[in-house]
Amino acid sequence: RMLMARKTFLAIHTYKSELAKKNTFKSLKNTVRTDYEWADRWNFPKAQCIATWVGTDDFFFCHWEAETEEDIMTTLTENGLDENLITVAYPIIMHINKNECSGRDPYQVWADVKV
């Protein structure tokens, strides 16, 4: 298969049950890992999670790079990460981070978007 450019996705994850949520939080409390190790751990052949936002609510969010949404879902399944979670991933065409401003025009990406 010819490699395509990776796209950016925002994934919304929720727990399949209250027990799944409790087990996930218990696992996180027992995890010892640096942020560098986290980045290595979430880099897979077909998809890479490059950021995450986790609170104590029922949803958390991840920023993924992959060729397709299916590559993210397959990666989660292959690694058993879908056992406790329900995930939906949305393609993102514009991402602005105030900590990474460069003076570029981020709105140019909309020129070719068909709605």
# chains A, B, ... in the order shown; residues from 1 in each chain; ligands from 1
$ residues_around --residues "segment 18-34 of chain A" --least-positions-apart "4" --cutoff "10 Å" --atoms "only C-alpha atoms" --output "PyMOL selection string"
chain A and resi 14+38-41+56-59+83-85
$ residues_around --residues "Cys49 of chain A" --least-positions-apart "5" --cutoff "12 Å" --atoms "only C-alpha atoms" --output "list in words"
Arg6, Lys7, Thr8, Phe9, Leu10, Ala11, Trp38, Ala39, Asp40, Arg41, Trp42, Asn43, Phe44, Phe61, Cys62, His63, Trp64, Glu65, Ala66, Asp71, Ile72, Met73, Thr75, Leu76 and Ala89 of chain A
$ write_last_selection --atoms "N, CA and C atoms" --output "mmCIF file, in the first residue's frame"
data_model
loop_
_atom_site.group_PDB
_atom_site.id
_atom_site.type_symbol
_atom_site.label_atom_id
_atom_site.label_comp_id
_atom_site.auth_asym_id
_atom_site.auth_seq_id
_atom_site.Cartn_x
_atom_site.Cartn_y
_atom_site.Cartn_z
ATOM 1 N N ARG A 6 -0.308 11.707 6.680
ATOM 2 C CA ARG A 6 -1.152 11.571 7.866
ATOM 3 C C ARG A 6 -1.997 12.828 8.047
ATOM 4 N N LYS A 7 -3.204 12.598 8.549
ATOM 5 C CA LYS A 7 -4.139 13.684 8.829
ATOM 6 C C LYS A 7 -4.264 13.814 10.343
ATOM 7 N N THR A 8 -4.870 14.899 10.762
ATOM 8 C CA THR A 8 -5.063 15.170 12.178
ATOM 9 C C THR A 8 -6.507 14.861 12.568
ATOM 10 N N PHE A 9 -6.667 14.205 13.735
ATOM 11 C CA PHE A 9 -7.989 13.841 14.232
ATOM 12 C C PHE A 9 -8.122 14.229 15.699
ATOM 13 N N LEU A 10 -9.329 14.594 16.090
ATOM 14 C CA LEU A 10 -9.665 14.765 17.493
ATOM 15 C C LEU A 10 -10.533 13.576 17.867
ATOM 16 N N ALA A 11 -10.071 12.794 18.841
ATOM 17 C CA ALA A 11 -10.831 11.633 19.304
ATOM 18 C C ALA A 11 -11.487 11.959 20.633
ATOM 19 N N TRP A 38 5.476 8.344 27.685
ATOM 20 C CA TRP A 38 4.098 8.369 27.194
ATOM 21 C C TRP A 38 4.095 8.545 25.679
ATOM 22 N N ALA A 39 4.871 9.503 25.177
ATOM 23 C CA ALA A 39 4.921 9.767 23.733
ATOM 24 C C ALA A 39 5.394 8.540 22.964
ATOM 25 N N ASP A 40 6.395 7.847 23.477
ATOM 26 C CA ASP A 40 6.867 6.618 22.833
ATOM 27 C C ASP A 40 5.799 5.537 22.869
ATOM 28 N N ARG A 41 5.102 5.418 23.986
ATOM 29 C CA ARG A 41 4.084 4.379 24.177
ATOM 30 C C ARG A 41 2.912 4.551 23.214
ATOM 31 N N TRP A 42 2.587 5.789 22.865
ATOM 32 C CA TRP A 42 1.424 6.067 22.026
ATOM 33 C C TRP A 42 1.774 6.318 20.565
ATOM 34 N N ASN A 43 2.931 5.818 20.140
ATOM 35 C CA ASN A 43 3.353 5.920 18.750
ATOM 36 C C ASN A 43 3.273 4.518 18.136
ATOM 37 N N PHE A 44 2.303 4.323 17.245
ATOM 38 C CA PHE A 44 2.054 3.028 16.626
ATOM 39 C C PHE A 44 2.336 3.118 15.129
ATOM 40 N N PHE A 61 -10.162 13.442 25.780
ATOM 41 C CA PHE A 61 -9.908 13.813 24.398
ATOM 42 C C PHE A 61 -8.453 13.537 24.034
ATOM 43 N N CYS A 62 -8.236 13.113 22.787
ATOM 44 C CA CYS A 62 -6.887 12.871 22.291
ATOM 45 C C CYS A 62 -6.731 13.471 20.898
ATOM 46 N N HIS A 63 -5.543 13.946 20.634
ATOM 47 C CA HIS A 63 -5.163 14.487 19.332
ATOM 48 C C HIS A 63 -4.345 13.396 18.650
ATOM 49 N N TRP A 64 -4.854 12.866 17.540
ATOM 50 C CA TRP A 64 -4.208 11.765 16.831
ATOM 51 C C TRP A 64 -3.745 12.205 15.452
ATOM 52 N N GLU A 65 -2.722 11.525 14.950
ATOM 53 C CA GLU A 65 -2.315 11.637 13.554
ATOM 54 C C GLU A 65 -2.393 10.242 12.953
ATOM 55 N N ALA A 66 -3.047 10.131 11.798
ATOM 56 C CA ALA A 66 -3.195 8.862 11.095
ATOM 57 C C ALA A 66 -3.636 9.165 9.669
ATOM 58 N N ASP A 71 -7.635 3.715 10.851
ATOM 59 C CA ASP A 71 -6.302 3.387 11.386
ATOM 60 C C ASP A 71 -6.245 3.621 12.892
ATOM 61 N N ILE A 72 -6.919 4.655 13.366
ATOM 62 C CA ILE A 72 -6.976 4.919 14.811
ATOM 63 C C ILE A 72 -7.759 3.818 15.501
ATOM 64 N N MET A 73 -8.927 3.498 14.959
ATOM 65 C CA MET A 73 -9.772 2.476 15.580
ATOM 66 C C MET A 73 -9.088 1.120 15.584
ATOM 67 N N THR A 75 -5.860 0.565 15.557
ATOM 68 C CA THR A 75 -4.769 0.653 16.537
ATOM 69 C C THR A 75 -5.299 0.447 17.949
ATOM 70 N N LEU A 76 -6.402 1.094 18.280
ATOM 71 C CA LEU A 76 -6.988 0.922 19.605
ATOM 72 C C LEU A 76 -7.381 -0.535 19.844
ATOM 73 N N ALA A 89 -13.704 9.497 16.291
ATOM 74 C CA ALA A 89 -12.620 10.387 15.863
ATOM 75 C C ALA A 89 -13.116 11.262 14.719
#
$ closest_residue --among "A:Asn97, A:Ser17, A:Ser102, A:Gln48" --to "Thr68 of chain A" --atoms "only C-alpha atoms"
A:Gln48
$ select_by_dssp --residues "chain A" --states "alpha helix (DSSP H)" --output "ChimeraX atom specification"
/A:18-29,35-41,69-78
$ select_by_dssp --residues "segment 1-91 of chain A" --states "strand (DSSP E)" --output "ChimeraX atom specification"
/A:7-15,47-54,59-66,85-91
$ decode --residues "segment 49-77 of chain A" --atoms "N, CA, C and O atoms" --output "CSV table (one decimal), in the first residue's frame"
chain,number,residue,atom,x,y,z
A,49,CYS,N,-0.8,9.0,18.9
A,49,CYS,CA,-1.5,10.0,19.7
A,49,CYS,C,-0.5,11.0,20.1
A,49,CYS,O,0.6,10.7,20.7
A,50,ILE,N,-0.7,12.3,19.8
A,50,ILE,CA,0.3,13.3,20.1
A,50,ILE,C,-0.1,14.3,21.2
A,50,ILE,O,0.8,15.0,21.7
A,51,ALA,N,-1.3,14.2,21.7
A,51,ALA,CA,-1.7,15.0,22.9
A,51,ALA,C,-3.0,14.3,23.5
A,51,ALA,O,-3.7,13.7,22.8
A,52,THR,N,-3.1,14.6,24.8
A,52,THR,CA,-4.3,14.1,25.5
A,52,THR,C,-4.8,15.1,26.5
A,52,THR,O,-3.9,15.8,27.1
A,53,TRP,N,-6.1,15.1,26.8
A,53,TRP,CA,-6.6,15.9,27.8
A,53,TRP,C,-7.6,15.0,28.6
A,53,TRP,O,-8.6,14.6,28.1
A,54,VAL,N,-7.2,14.8,29.9
A,54,VAL,CA,-8.0,13.8,30.7
A,54,VAL,C,-8.4,14.5,32.0
A,54,VAL,O,-7.5,15.1,32.7
A,55,GLY,N,-9.7,14.5,32.3
A,55,GLY,CA,-10.2,15.0,33.6
A,55,GLY,C,-10.8,13.8,34.3
A,55,GLY,O,-10.6,12.7,34.0
A,56,THR,N,-11.7,14.2,35.3
A,56,THR,CA,-12.4,13.1,36.0
A,56,THR,C,-13.8,12.9,35.5
A,56,THR,O,-14.5,12.0,36.1
A,57,ASP,N,-14.2,13.6,34.5
A,57,ASP,CA,-15.5,13.4,33.9
A,57,ASP,C,-15.6,12.1,33.1
A,57,ASP,O,-14.6,11.3,33.0
A,58,ASP,N,-16.7,11.9,32.4
A,58,ASP,CA,-16.9,10.6,31.6
A,58,ASP,C,-16.2,10.6,30.3
A,58,ASP,O,-16.2,9.6,29.6
A,59,PHE,N,-15.7,11.8,29.8
A,59,PHE,CA,-15.1,11.9,28.5
A,59,PHE,C,-13.7,12.4,28.7
A,59,PHE,O,-13.4,13.1,29.6
A,60,PHE,N,-12.8,12.0,27.7
A,60,PHE,CA,-11.5,12.6,27.6
A,60,PHE,C,-11.2,12.7,26.1
A,60,PHE,O,-11.8,12.1,25.3
A,61,PHE,N,-10.2,13.4,25.8
A,61,PHE,CA,-9.9,13.8,24.4
A,61,PHE,C,-8.5,13.5,24.0
A,61,PHE,O,-7.6,13.7,24.9
A,62,CYS,N,-8.2,13.1,22.8
A,62,CYS,CA,-6.9,12.9,22.3
A,62,CYS,C,-6.7,13.5,20.9
A,62,CYS,O,-7.7,13.5,20.1
A,63,HIS,N,-5.5,13.9,20.6
A,63,HIS,CA,-5.2,14.5,19.3
A,63,HIS,C,-4.3,13.4,18.6
A,63,HIS,O,-3.3,13.0,19.2
A,64,TRP,N,-4.9,12.9,17.5
A,64,TRP,CA,-4.2,11.8,16.8
A,64,TRP,C,-3.7,12.2,15.5
A,64,TRP,O,-4.3,13.1,14.8
A,65,GLU,N,-2.7,11.5,15.0
A,65,GLU,CA,-2.3,11.6,13.6
A,65,GLU,C,-2.4,10.2,13.0
A,65,GLU,O,-1.9,9.3,13.5
A,66,ALA,N,-3.0,10.1,11.8
A,66,ALA,CA,-3.2,8.9,11.1
A,66,ALA,C,-3.6,9.2,9.7
A,66,ALA,O,-4.1,10.3,9.4
A,67,GLU,N,-3.5,8.2,8.8
A,67,GLU,CA,-4.0,8.4,7.4
A,67,GLU,C,-5.6,8.4,7.4
A,67,GLU,O,-6.2,9.1,6.7
A,68,THR,N,-6.2,7.5,8.2
A,68,THR,CA,-7.6,7.4,8.3
A,68,THR,C,-8.1,7.2,9.7
A,68,THR,O,-7.4,6.8,10.6
A,69,GLU,N,-9.4,7.5,9.9
A,69,GLU,CA,-10.1,7.2,11.2
A,69,GLU,C,-10.0,5.8,11.5
A,69,GLU,O,-9.8,5.4,12.6
A,70,GLU,N,-10.1,4.9,10.5
A,70,GLU,CA,-10.1,3.5,10.7
A,70,GLU,C,-8.7,3.0,11.2
A,70,GLU,O,-8.6,2.1,12.0
A,71,ASP,N,-7.6,3.7,10.9
A,71,ASP,CA,-6.3,3.4,11.4
A,71,ASP,C,-6.2,3.6,12.9
A,71,ASP,O,-5.6,2.9,13.6
A,72,ILE,N,-6.9,4.7,13.4
A,72,ILE,CA,-7.0,4.9,14.8
A,72,ILE,C,-7.8,3.8,15.5
A,72,ILE,O,-7.3,3.2,16.5
A,73,MET,N,-8.9,3.5,15.0
A,73,MET,CA,-9.8,2.5,15.6
A,73,MET,C,-9.1,1.1,15.6
A,73,MET,O,-9.1,0.4,16.6
A,74,THR,N,-8.4,0.8,14.5
A,74,THR,CA,-7.7,-0.5,14.4
A,74,THR,C,-6.6,-0.5,15.4
A,74,THR,O,-6.4,-1.5,16.1
A,75,THR,N,-5.9,0.6,15.6
A,75,THR,CA,-4.8,0.7,16.5
A,75,THR,C,-5.3,0.4,17.9
A,75,THR,O,-4.7,-0.3,18.7
A,76,LEU,N,-6.4,1.1,18.3
A,76,LEU,CA,-7.0,0.9,19.6
A,76,LEU,C,-7.4,-0.5,19.8
A,76,LEU,O,-7.1,-1.1,20.9
A,77,THR,N,-8.0,-1.1,18.9
A,77,THR,CA,-8.5,-2.5,19.0
A,77,THR,C,-7.3,-3.5,19.1
A,77,THR,O,-7.3,-4.4,20.0
